[in-house]
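> Structure incoming, see below.
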Amino acid sequence: MYGLARPFLFALDAERAHGLGLSSLEALHRTGLQRLVAAPPRPFPTKAFGLTFPNPVGLAAGLDKNGDHIDALLALGFGFVEVGTVTPRAQPGNQKPRMFRLPGHRAVINRLGFNNGGVDALVRNVSHARRRGDGVLGINIGKNKDTPNASAHTDYLHCLERVYALADYVTVNISSPNTAGLRELQEEQALRRLVGELREGQERLAARHRRRVPVLVKVAPDLSDEDIDAAARVLGDLGVDGVIATNTTVSRIAVQGHRHAHETGGLSGEPLMNKSTAVLRMLRTRLPETIPLVGVGGILSGADAAKKTAAGASLVQLYTGLVYRGPALIGECVEAIRRRKEAPSRGNLPNL
């Protein structure tokens with residue numbers, strides 16, 4: 001069915017198509033017709049961060065910023081759905097147009113800028129979600145555009161406190177390229193201060209709620225080798241529960257010559273695959289095995305998802321791949337990861 005709808009959606013402005021796609025999915029879910037879009041994959045339980053996921057394929061943050069469509073998205077067959085990024089106060093984001101498709105590259109450039117209704121609106125939406133089944137919910141938190149980096153921890157702590165009771169895990173977004181100065185929080189000393197504050201907040205909230213919610217950190221694909229070394233050192237020292245690798249890239253090398261290549265913002269989709277997987281692989285060699293990784297960026301096929309797991313990811317996330325492939329990509333990725341996990345090692349293969 002998505003194959004029929006895609007030409008119509010691609011004829012629209014990218015952000016308008018985004019909204020229409022979500023509202024159509026919601027309508028199908030409410031009328032019980034969602035199986036017309038895609039059949040959910042077979043269960044493939046996967047453990048990470050102390051949680052059990054019904055399968056290792058999730059939805060990356062950014063598609064459902066306010067948690068308006070949690071039930072409809074989980075019903076597609078995702079093992080987990082991450083909503084947000086949410087900020088303490090509502091903000092409109094950057095000026096439109098701010099989302100651009102690059103079909104020849106199976107890519108998207110966006111500079112949305114944490115547009116969302118604020119954390120209180122997200123909390124209301126999440127509270128109203130039925131969340132049937134065993135799908136896991138992550139909530140991605142950020143800071144408001146006008147909050148200086150010196151005070152960023154107050155925004156993150158505020159969001160963490162508000163969403164803690166509702167989330168299965170929380171992701172700290174310090175890697176979006178669309179909020180000025182945000183990526184400076186990945187610098188070693190700034191990262192140590194911020195993550196240290198959040199780890200202390202996490203422990204306080206765990207004692208208050210008698211439940212420990214994992215906190216993950218999402219990093220950029222544009223870090224130098226030295227930056228990756230420093231980030232791994234900090235995140236390992238402070239014992240974060242997990243790391244998501246990666247966010248979108250500001251590089252345009254892979255799309256040079258395209259009419260939208262000059263647009264500012266984060267590039268996602270197929271051109272990001274190798275870059276994000278390289279960062280994932282480097283982090284896996286530098287972080288303790290006790291810290292699981294989530295691989296995201298450029299997954300357009302089951303083979304791509306399997307490559308992420310081969311590079312060290314326990315889980316993977318999709319976003320731009322859904323734009324180009326539709327919901328059938330979810331099951332394809334689950335099955336590819338299943339085949340890789342269940343295949344006998346080369347050493348156990350019979351001699352032929």
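Labels for the structure tokens follow display order: chains A, B, ..., residues from 1 in each chain, ligands from 1.
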Enumerate, in order of chain and increasing residue number, the residues of region 226-304 of chain A with an atom no farther than 12 Å from region 185-202 of chain A, each with its shortest atom pair and distance in Å to one decimal, counting only C-alpha atoms, as CSV.

```
residue,atom,partner,partner_atom,distance
A:Glu226,CA,A:Glu188,CA,10.1
A:Asp227,CA,A:Glu187,CA,7.3
A:Ile228,CA,A:Gln186,CA,9.5
A:Asp229,CA,A:Glu188,CA,9.5
A:Ala230,CA,A:Glu188,CA,5.8
A:Ala231,CA,A:Glu188,CA,6.2
A:Ala232,CA,A:Glu188,CA,9.5
A:Arg233,CA,A:Glu188,CA,8.6
A:Val234,CA,A:Arg192,CA,5.9
A:Leu235,CA,A:Val195,CA,7.8
A:Gly236,CA,A:Arg192,CA,10.5
A:Asp237,CA,A:Arg192,CA,9.1
A:Leu238,CA,A:Gly196,CA,6.7
A:Gly239,CA,A:Arg199,CA,8.4
A:Val240,CA,A:Arg199,CA,7.5
A:Asp241,CA,A:Arg199,CA,9.8
```
> Per residue of region 81-121 of chain A within 12 Å of region 293-315 of chain A, note the shortest atom pair and the distance in Å to one decimal, counting only C-alpha atoms, and order the rows by chain and increasing residue number, as CSV.

```
residue,atom,partner,partner_atom,distance
A:Val81,CA,A:Leu315,CA,11.9
A:Glu82,CA,A:Val294,CA,11.9
A:His105,CA,A:Gly298,CA,10.7
A:Arg106,CA,A:Leu300,CA,8.3
A:Ala107,CA,A:Gly298,CA,8.3
A:Val108,CA,A:Gly298,CA,10.4
```
> For the residues in that selection, give me N, CA and C atoms as a PDB file, in the first residue's frame.

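Result saved to part.pdb:
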```
ATOM      1  N   VAL A  81       9.811   2.463  20.087  1.00  0.00           N
ATOM      2  CA  VAL A  81       9.562   3.752  19.447  1.00  0.00           C
ATOM      3  C   VAL A  81      10.136   4.832  20.343  1.00  0.00           C
ATOM      4  N   GLU A  82      10.925   5.729  19.748  1.00  0.00           N
ATOM      5  CA  GLU A  82      11.502   6.847  20.493  1.00  0.00           C
ATOM      6  C   GLU A  82      10.847   8.140  20.022  1.00  0.00           C
ATOM      7  N   HIS A 105      19.591  10.219  -3.998  1.00  0.00           N
ATOM      8  CA  HIS A 105      20.532   9.736  -2.984  1.00  0.00           C
ATOM      9  C   HIS A 105      19.810   8.993  -1.858  1.00  0.00           C
ATOM     10  N   ARG A 106      18.499   8.886  -1.954  1.00  0.00           N
ATOM     11  CA  ARG A 106      17.671   8.311  -0.888  1.00  0.00           C
ATOM     12  C   ARG A 106      18.054   8.951   0.454  1.00  0.00           C
ATOM     13  N   ALA A 107      17.947  10.275   0.476  1.00  0.00           N
ATOM     14  CA  ALA A 107      18.386  11.056   1.625  1.00  0.00           C
ATOM     15  C   ALA A 107      17.399  12.181   1.923  1.00  0.00           C
ATOM     16  N   VAL A 108      17.551  12.760   3.097  1.00  0.00           N
ATOM     17  CA  VAL A 108      16.761  13.917   3.528  1.00  0.00           C
ATOM     18  C   VAL A 108      17.703  14.886   4.232  1.00  0.00           C
TER      19      VAL A 108
END
```
> Pull the helix (DSSP H, G or I) assignments for region 80-209 of chain A out of DSSP run on the backbone, and list those residues as a PyMOL selection string.
chain A and resi 103-105+119-128+149-163+182-186+188-209
> With distances taken over only C-alpha atoms, which of A:Leu20, A:Val250, A:Met1, A:Leu216 is nearest to Val37 (chain A)?
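Nearest candidate to Val37 (chain A) out of A:Leu20, A:Val250, A:Met1, A:Leu216: A:Met1.
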> Tell me which protein, DNA and RNA residues are within 9 Å of Asp68 (chain A), counting only C-alpha atoms, leaving out same-chain ones fewer than 3 positions away, and put them as a list of chain:residue names.
A:Asp64, A:Lys65, A:Asp71, A:Val83, A:Leu122, A:Asn125, A:Val126, A:Ala129
> Any idea what the distance is between CA of Leu25 (chain A) and CA of Asn140 (chain A)?
21.7 Å
> So how far away is CA of Gly3 (chain A) from CA of Arg16 (chain A), in Å?
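CA of Arg16 (chain A) sits 18.2 Å away from CA of Gly3 (chain A).
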> Find the residues around region 43-57 of chain A up to 7 Å (only C-alpha atoms counted), leave out those fewer than 3 positions away in its own chain, and share them as a PyMOL selection string.
chain A and resi 78-80+134-136+214+241-242+292+314-317+330+333-334
> Figure out the distance between CA of Arg162 (chain A) and CA of Arg208 (chain A), please, to one decimal in Å.
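Between CA of Arg208 (chain A) and CA of Arg162 (chain A) the gap works out to 12.9 Å.
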> Residues at most 6 Å from Val170 (chain A), counting only C-alpha atoms, excluding those fewer than 3 positions away in the same chain, as a VMD selection string?
chain A and resid 138 to 140 215
> With only C-alpha atoms as the counted atoms, please give the residues lying no more than 10 Å from Arg252 (chain A), apart from itself and same-chain residues fewer than 5 positions off, as a short mmCIF file (atom, residue, chain, number, x, y, z; two decimals) with N, CA, C and O atoms, in the first residue's frame.

```
data_model
loop_
_atom_site.label_atom_id
_atom_site.label_comp_id
_atom_site.auth_asym_id
_atom_site.auth_seq_id
_atom_site.Cartn_x
_atom_site.Cartn_y
_atom_site.Cartn_z
N ILE A 109 17.49 16.18 4.01
CA ILE A 109 18.14 17.22 4.80
C ILE A 109 17.06 17.91 5.61
O ILE A 109 16.03 18.30 5.07
N GLY A 257 26.66 18.50 -5.68
CA GLY A 257 26.03 18.70 -6.97
C GLY A 257 24.53 18.65 -6.95
O GLY A 257 23.87 19.11 -7.89
N HIS A 258 23.94 18.11 -5.89
CA HIS A 258 22.49 18.08 -5.80
C HIS A 258 21.97 19.49 -5.53
O HIS A 258 22.62 20.28 -4.83
N HIS A 260 19.84 20.59 -3.59
CA HIS A 260 19.60 20.91 -2.18
C HIS A 260 20.86 20.77 -1.32
O HIS A 260 20.79 20.95 -0.10
N ALA A 261 21.99 20.44 -1.94
CA ALA A 261 23.19 20.18 -1.15
C ALA A 261 23.64 21.39 -0.34
O ALA A 261 24.29 21.25 0.70
N HIS A 262 23.26 22.60 -0.78
CA HIS A 262 23.68 23.81 -0.08
C HIS A 262 22.81 24.09 1.13
O HIS A 262 23.14 24.96 1.95
N GLU A 263 21.68 23.40 1.28
CA GLU A 263 20.78 23.66 2.40
C GLU A 263 21.46 23.28 3.71
O GLU A 263 22.06 22.22 3.83
N THR A 264 21.32 24.15 4.71
CA THR A 264 21.88 23.84 6.02
C THR A 264 21.00 22.82 6.73
O THR A 264 19.81 22.66 6.42
N GLY A 266 20.83 18.81 8.98
CA GLY A 266 21.39 17.48 9.10
C GLY A 266 20.99 16.60 7.94
O GLY A 266 19.82 16.54 7.56
N LEU A 267 21.96 15.92 7.35
CA LEU A 267 21.73 14.99 6.25
C LEU A 267 21.53 13.59 6.82
O LEU A 267 22.35 13.11 7.60
N PRO A 271 23.40 8.26 2.32
CA PRO A 271 24.76 8.80 2.39
C PRO A 271 25.38 8.77 3.78
O PRO A 271 26.59 8.94 3.92
N LEU A 272 24.55 8.59 4.81
CA LEU A 272 25.03 8.59 6.19
C LEU A 272 25.50 7.21 6.64
O LEU A 272 26.20 7.09 7.65
#
```
